[in-house]
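Right, one structure below, let's go through it.
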Amino acid sequence: MRDRLLTRWRGILLSLVGIVAIIWLAVTGQLGLYIHPRYYEFTVVMAVLAGVVVLAAFSVVPGAGEGEGEHDGHADHEHPPAAPGPRRRRDTVWAVAAGVVIAATVGALLIVPPSTLTTATVDQRDLNASAAVTDTGATETLVGSDTSGFTIKDWASLLRQGAGEDYFAGKTATLTGFVTPDPDAPEDVFYVARFVVTCCAVDAQPVGVPVYLPGWKDSYAVDSWVEASGTFGTNPGTASAQAIVFEPAEITPVDQPAEPYVY
Amino acid sequence: MTSDVLPPRTRAPGSRAPRSRAALRGLVVGAVLAVALLVLRAVSATWGADALPDRIRDFVTLSVSVVIESLPFVFLGILISVVVRFWVPDHVIHRIMPRNPALRRVVISLVGVLLPVCECGNVPLARGFMMKGFSVPEAMTFLLAAPILNPVTIVTTYQAFGWNDGILIGRIAGGFVIANLVGWLFSRHPRPELLLTPAFEEACRVGDDDGHGHGRAGQLTKLRRGVVAFADETSTMLPALIVGSAIAGAIQVGLSRDVLTALGGNPIWSVLALMILAFVIAICSNVDAFFILAFGSTFLPGGVVAFLVFGAMVDVKMITLLRTTFTTGALVRLVAVVALASLALGFGVNLLA
């Protein structure tokens with residue numbers, strides 16, 4: 001009975017930890033660090049619903065353990081009254097494992113401060129490889145439109161699709177993103193980058209606009225957020241595969257925006 | 001039997017008071033704990049995340065994102081499963097379902113149209129169905145078909161691909177055929193109950209949850225048992241979900257994606273590479289079409305179909321969730337059949353497209 005009670009609390013505790021984490025992220029406007037905005041309402045509604053059931057469980061489950069379980073017939077079937085030796089040891093192992101899972105969950109969801117993905121993940125996922133930035137149809141519509149509302153993703157697709165120097169001549173842009181080095185020419189070129197998210201952070205794809213600025217590392221830390229404004233021009237460096245780079249007139253360090261990903 | 005199936009008036013006066021006091025105490029403990037956790041979160045959020053090495057930090061972020069993405073679906077699945085178990089009378093299900101086993105599985109594979117829960121929410125739901133008397137092959141058919149044959153998945157796949165290259169048709173038809181194939185194969189098993197973990201099998205045998213109580217007291221009992229069932233199901237599902245998410249996060253940090261995407265243009269390798277990608281990335285079937293669309297032009301359609309079918313049915317997170325219910329041996333066979341069938345489907349689409 002006692003084991004059964006502990007087993008049951010495992011789910012209630014884990015649910016509570018998850019619900020508290022979701023509600024807190026939603027209230028502080030940080031759900032966007034993990035999931036796409038189209039899930040906000042669903043996630044919050046389910047968290048609140050589950051929260052009501054979990055609170056109800058706090059009032060019902062102790063009673064179920066003391067009285068209801070015995071005659072309910074279905075509450076304590078997992079454990080026969082007198083557990084033999086090996087079974088008891090196995091139960092202990094599982095209880096310890098459950099404790100570890102709960103502690104790790106509290107650590108990951110409630111103690112580690114929420115954060116965006118870093119350059120470590122950019123390295124794993126090939127910058128600008130995703131066809132979100134190489135879809136020709138989308139690029140064609142981009143070419144004719146007003147550039148003032150362009151995101152890093154839009155600029156990256158134009159660069160990737162080879163919109164050409166003619167197109168970029170005279171265009172100005174203001175880009176906000178995090179700094180990540182160009183794998184081919186890490187000394188001279190960095191990207192102002194963002195992650196594109198379709199569902200949740202797991203599927204994040206990095207996109208970025210290359211900036212030619214030798215010795216940039218002295219002024220800007222990798223993974224720090226900057227706002228760069230300027231124009232485009234041919235890449236004076238030879239090491240990088242990029243033909244056209246951003247030529248910033250001004251780069252200012254900024255705080256990480258509330259919505260760090262693009263969609 | 002207990003005092004609580006009796007009408008409240010005949011209840012002994014003393015029995016109610018201690019229980020309601022205990023209930024109140026429980027409620028207070030729960031509320032206090034929730035507030036304490038909120039305070040912990042608010043305090044720890046002010047610490048810088050920079051103290052952690054990048055990789056660890058990304059591992060945590062990725063795993064947490066899988067948990068936060070799928071937790072609402074798991075809650076929804078558990079809530080629906082509890083409702084089905086306690087509030088849908090057995091005879092309703094029996095009356096609707098055809099008698100012929102193959103036809104039954106065909107109907108079951110379309111149940112997802114009514115219950116558009118994501119694949120992770122389907123595991124608790126399938127457990128609820130089995131406690132309600134579904135056979136093991138039927139539950140498997142439901143588990144494999146529902147993530148694909150549901151309105152949300154079909155609409156998002158259509159939005160992403162339209163009618164191009166037979167991707168939409170391949171996904172719907174392929175998902176339907178594979179789910180029924182697996183159901184049929186496992187129905188040949190002489191003792192399907194051996195495919196279940198002992199703990200769950202035991203729960204099924206005892207689980208006559210129809211709740212024969214009537215009237216207000218009966219409803220209250222049902223409500224109470226429903227809440228207890230929610231606690232039991234979360235106890236089984238959430239540790240599996242969390243371990244599965246951690247594995248998915250760890251693979252994401254450790255495995256470079258370039259290798260898999262580089263293979264995507266080859267007719268044979270694209271199918272295999274995308275199935276591996278689907279297995280490790282573990283995203284919901286409702287949105288995986290958008291994800292793979294982002295790679296669309298680099299991959300052949302057969303690979304995309306294999307990704308969309310295989311990934312909706314099986315992935316690392318699903319395996320840990322399914323392991324709560326099925327034995328390892330059953331899972332190995334399940335995954336092998338689904339993988340081979342998806343492979344054949346992918347090659348077929350590549351040949352035709």
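Identifiers for the structure tokens are assigned positionally: chains receive A, B, ... in sequence, residues are indexed from 1 per chain, and ligands are indexed from 1 in the order shown.
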Shell around A:Gly215 at 10 Å using only C-alpha atoms, local window under 6 positions removed, as a PyMOL selection string: chain A and resi 186-190
Distance filter 6 Å, only C-alpha atoms, chain A against chain B, as an mmCIF file with N, CA and C atoms, in the first residue's frame:
```cif
data_model
loop_
_atom_site.group_PDB
_atom_site.id
_atom_site.type_symbol
_atom_site.label_atom_id
_atom_site.label_comp_id
_atom_site.auth_asym_id
_atom_site.auth_seq_id
_atom_site.Cartn_x
_atom_site.Cartn_y
_atom_site.Cartn_z
ATOM 1 N N ARG A 8 2.057 6.471 -6.943
ATOM 2 C CA ARG A 8 1.041 7.381 -7.445
ATOM 3 C C ARG A 8 1.495 8.834 -7.358
ATOM 4 N N ARG A 10 4.396 10.030 -7.726
ATOM 5 C CA ARG A 10 5.379 10.317 -8.767
ATOM 6 C C ARG A 10 4.742 11.118 -9.909
ATOM 7 N N GLY A 11 3.608 10.641 -10.408
ATOM 8 C CA GLY A 11 2.947 11.310 -11.524
ATOM 9 C C GLY A 11 2.412 12.669 -11.126
ATOM 10 N N ILE A 12 1.870 12.749 -9.913
ATOM 11 C CA ILE A 12 1.303 14.018 -9.465
ATOM 12 C C ILE A 12 2.405 15.067 -9.349
ATOM 13 N N TYR A 34 10.660 27.799 -26.285
ATOM 14 C CA TYR A 34 10.578 26.351 -26.467
ATOM 15 C C TYR A 34 9.619 25.907 -27.558
ATOM 16 N N THR A 43 -1.358 24.886 -25.058
ATOM 17 C CA THR A 43 -0.470 24.496 -23.968
ATOM 18 C C THR A 43 -0.962 25.060 -22.638
ATOM 19 N N MET A 46 -4.297 23.362 -21.546
ATOM 20 C CA MET A 46 -4.095 22.019 -21.013
ATOM 21 C C MET A 46 -3.382 22.061 -19.669
ATOM 22 N N LEU A 55 -4.502 19.322 -8.497
ATOM 23 C CA LEU A 55 -4.897 19.809 -7.166
ATOM 24 C C LEU A 55 -5.960 18.903 -6.570
ATOM 25 N N ALA A 57 -6.212 15.827 -7.183
ATOM 26 C CA ALA A 57 -5.517 14.595 -6.793
ATOM 27 C C ALA A 57 -4.893 14.742 -5.410
ATOM 28 N N PHE A 58 -4.394 15.943 -5.108
ATOM 29 C CA PHE A 58 -3.810 16.160 -3.780
ATOM 30 C C PHE A 58 -4.836 15.920 -2.685
ATOM 31 N N SER A 59 -6.102 16.234 -2.975
ATOM 32 C CA SER A 59 -7.096 16.035 -1.920
ATOM 33 C C SER A 59 -7.673 14.630 -1.952
ATOM 34 N N VAL A 60 -7.650 13.970 -3.124
ATOM 35 C CA VAL A 60 -8.306 12.671 -3.237
ATOM 36 C C VAL A 60 -7.354 11.515 -2.942
ATOM 37 N N HIS A 74 -9.086 -2.037 -7.509
ATOM 38 C CA HIS A 74 -8.157 -1.803 -8.614
ATOM 39 C C HIS A 74 -6.984 -0.939 -8.183
ATOM 40 N N LEU A 110 12.775 23.782 -13.613
ATOM 41 C CA LEU A 110 12.543 24.849 -12.635
ATOM 42 C C LEU A 110 13.824 25.507 -12.108
ATOM 43 N N ILE A 111 14.981 24.896 -12.343
ATOM 44 C CA ILE A 111 16.179 25.518 -11.777
ATOM 45 C C ILE A 111 17.079 26.129 -12.859
ATOM 46 N N PRO A 113 17.990 28.307 -15.681
ATOM 47 C CA PRO A 113 17.252 29.439 -16.237
ATOM 48 C C PRO A 113 16.913 29.170 -17.697
ATOM 49 N N LEU A 117 18.816 28.520 -27.761
ATOM 50 C CA LEU A 117 19.883 27.645 -28.232
ATOM 51 C C LEU A 117 21.115 28.490 -28.535
ATOM 52 N N ALA A 120 26.619 26.249 -30.226
ATOM 53 C CA ALA A 120 26.900 24.809 -30.238
ATOM 54 C C ALA A 120 25.914 24.084 -31.142
ATOM 55 N N GLN A 124 25.966 22.106 -35.178
ATOM 56 C CA GLN A 124 25.389 20.794 -35.461
ATOM 57 C C GLN A 124 24.465 20.827 -36.666
ATOM 58 N N ARG A 125 23.973 22.003 -37.001
ATOM 59 C CA ARG A 125 22.841 22.037 -37.926
ATOM 60 C C ARG A 125 23.069 22.889 -39.149
ATOM 61 N N SER A 130 18.657 24.710 -44.397
ATOM 62 C CA SER A 130 17.260 24.335 -44.523
ATOM 63 C C SER A 130 16.613 25.070 -45.683
ATOM 64 N N ALA A 131 15.667 24.384 -46.341
ATOM 65 C CA ALA A 131 15.022 24.967 -47.505
ATOM 66 C C ALA A 131 13.999 26.014 -47.120
ATOM 67 N N ALA A 132 13.794 26.215 -45.802
ATOM 68 C CA ALA A 132 12.969 27.346 -45.409
ATOM 69 C C ALA A 132 13.581 28.600 -46.015
ATOM 70 N N THR A 198 9.733 25.525 -36.408
ATOM 71 C CA THR A 198 8.446 25.144 -36.992
ATOM 72 C C THR A 198 7.499 24.562 -35.962
ATOM 73 N N ALA A 201 11.726 23.923 -30.151
ATOM 74 C CA ALA A 201 13.148 24.215 -30.314
ATOM 75 C C ALA A 201 13.930 23.036 -30.885
ATOM 76 N N VAL A 202 13.404 21.819 -30.745
ATOM 77 C CA VAL A 202 14.116 20.650 -31.253
ATOM 78 C C VAL A 202 14.346 20.735 -32.765
#
```
Gap from atom CA of B:Val305 to atom CA of B:Leu110 - Å, one decimal: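 Here the two named atoms are 19.7 Å from each other.
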Residue among A:Trp216, A:Tyr263, A:Tyr167, A:Phe178 lying closest to A:Thr231, counting only C-alpha atoms: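 Among the listed residues, the smallest separation from A:Thr231 belongs to A:Tyr167.
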B:Asn180 surroundings by only C-alpha atoms, 10 Å radius, close-in-sequence under 5 positions cut, as a PyMOL selection string: chain B and resi 102-103+105-106+108-109+137-138+140-142+144-145+174-175+185-186
Please identify every residue of stretch 141-217 of chain A that has at least one atom no farther than 12 Å from an atom of stretch 241-253 of chain A, counting only C-alpha atoms, and for each give the shortest atom pair and the distance in Å to one decimal, arranged by chain then increasing number, as a Markdown table.
```
| residue | atom | partner | partner_atom | distance |
| --- | --- | --- | --- | --- |
| A:Ile152 | CA | A:Phe246 | CA | 11.4 |
| A:Trp155 | CA | A:Phe246 | CA | 10.0 |
| A:Ala156 | CA | A:Val245 | CA | 10.5 |
| A:Leu158 | CA | A:Ile244 | CA | 10.5 |
| A:Leu159 | CA | A:Ile244 | CA | 7.2 |
| A:Arg160 | CA | A:Gln242 | CA | 9.0 |
| A:Gln161 | CA | A:Ile244 | CA | 11.5 |
| A:Gly162 | CA | A:Ala243 | CA | 8.9 |
| A:Ala163 | CA | A:Ile244 | CA | 9.8 |
| A:Gly164 | CA | A:Ile244 | CA | 8.2 |
| A:Glu165 | CA | A:Ile244 | CA | 7.3 |
| A:Asp166 | CA | A:Ile244 | CA | 11.0 |
| A:Tyr167 | CA | A:Ile244 | CA | 11.0 |
| A:Phe168 | CA | A:Ile244 | CA | 8.6 |
| A:Ala169 | CA | A:Ile244 | CA | 10.4 |
| A:Gly170 | CA | A:Glu247 | CA | 11.4 |
| A:Lys171 | CA | A:Phe246 | CA | 10.3 |
| A:Thr172 | CA | A:Phe246 | CA | 9.4 |
| A:Ala173 | CA | A:Phe246 | CA | 8.8 |
| A:Thr174 | CA | A:Pro248 | CA | 8.9 |
| A:Leu175 | CA | A:Ile251 | CA | 9.4 |
| A:Thr176 | CA | A:Pro253 | CA | 9.4 |
| A:Gly177 | CA | A:Pro253 | CA | 9.9 |
| A:Phe178 | CA | A:Pro253 | CA | 9.5 |
| A:Val179 | CA | A:Pro253 | CA | 10.0 |
| A:Asp182 | CA | A:Ala241 | CA | 9.4 |
| A:Pro183 | CA | A:Ala241 | CA | 9.8 |
| A:Asp184 | CA | A:Ala241 | CA | 7.2 |
| A:Ala185 | CA | A:Ala241 | CA | 8.7 |
| A:Pro186 | CA | A:Ala241 | CA | 11.9 |
| A:Asp188 | CA | A:Val245 | CA | 11.3 |
| A:Val189 | CA | A:Val245 | CA | 8.8 |
| A:Phe190 | CA | A:Val245 | CA | 9.8 |
| A:Tyr191 | CA | A:Phe246 | CA | 9.2 |
| A:Val192 | CA | A:Phe246 | CA | 9.4 |
| A:Gly208 | CA | A:Phe246 | CA | 10.6 |
| A:Val209 | CA | A:Phe246 | CA | 6.9 |
| A:Pro210 | CA | A:Val245 | CA | 5.2 |
| A:Val211 | CA | A:Phe246 | CA | 4.7 |
| A:Tyr212 | CA | A:Val245 | CA | 6.2 |
| A:Leu213 | CA | A:Glu247 | CA | 8.2 |
| A:Pro214 | CA | A:Glu247 | CA | 11.8 |
| A:Trp216 | CA | A:Ile251 | CA | 10.6 |
```
Interatomic distance, atom CA of B:Ala353 to atom CA of B:Val182 (Å, one decimal): 26.1 Å
Separation of atom CA of B:Gly133 from atom CA of B:Leu195, in Å and rounded to one decimal: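 Atom CA of B:Leu195 lies 15.3 Å from atom CA of B:Gly133.
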Test item: residues at most 8 Å from B:Ser342, only C-alpha atoms, excluding those fewer than 2 positions along its chain, as a ChimeraX atom specification: /B:174,178,306,309-310,338-340,344-346
Counting only C-alpha atoms, the residue of A:Ala108, A:Ala97, A:Ala221, A:Pro114 that sits nearest A:Gly29: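 Counting only C-alpha atoms, the residue closest to A:Gly29 is A:Pro114.
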DSSP alpha helix (DSSP H) selection over stretch 45-153 of chain B, as a ChimeraX atom specification: /B:54-87,90-96,101-108,119-131,136-145,151-153
Among the residues A:Pro257, A:Val52, A:Leu127, A:Cys199, the one that comes closest to A:His36 [using only C-alpha atoms]: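 Closest to A:His36, using only C-alpha atoms: A:Cys199.
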Backbone-only DSSP, strand (DSSP E) members of stretch 159-241 of chain A, as a ChimeraX atom specification: /A:172-181,189-196,205-212,225-234
Residue nearest A:Leu14 - candidates A:Thr119, A:Ser229, A:Val54, A:Lys217, atoms counted: only C-alpha atoms: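 Smallest distance to A:Leu14 is found for A:Val54.
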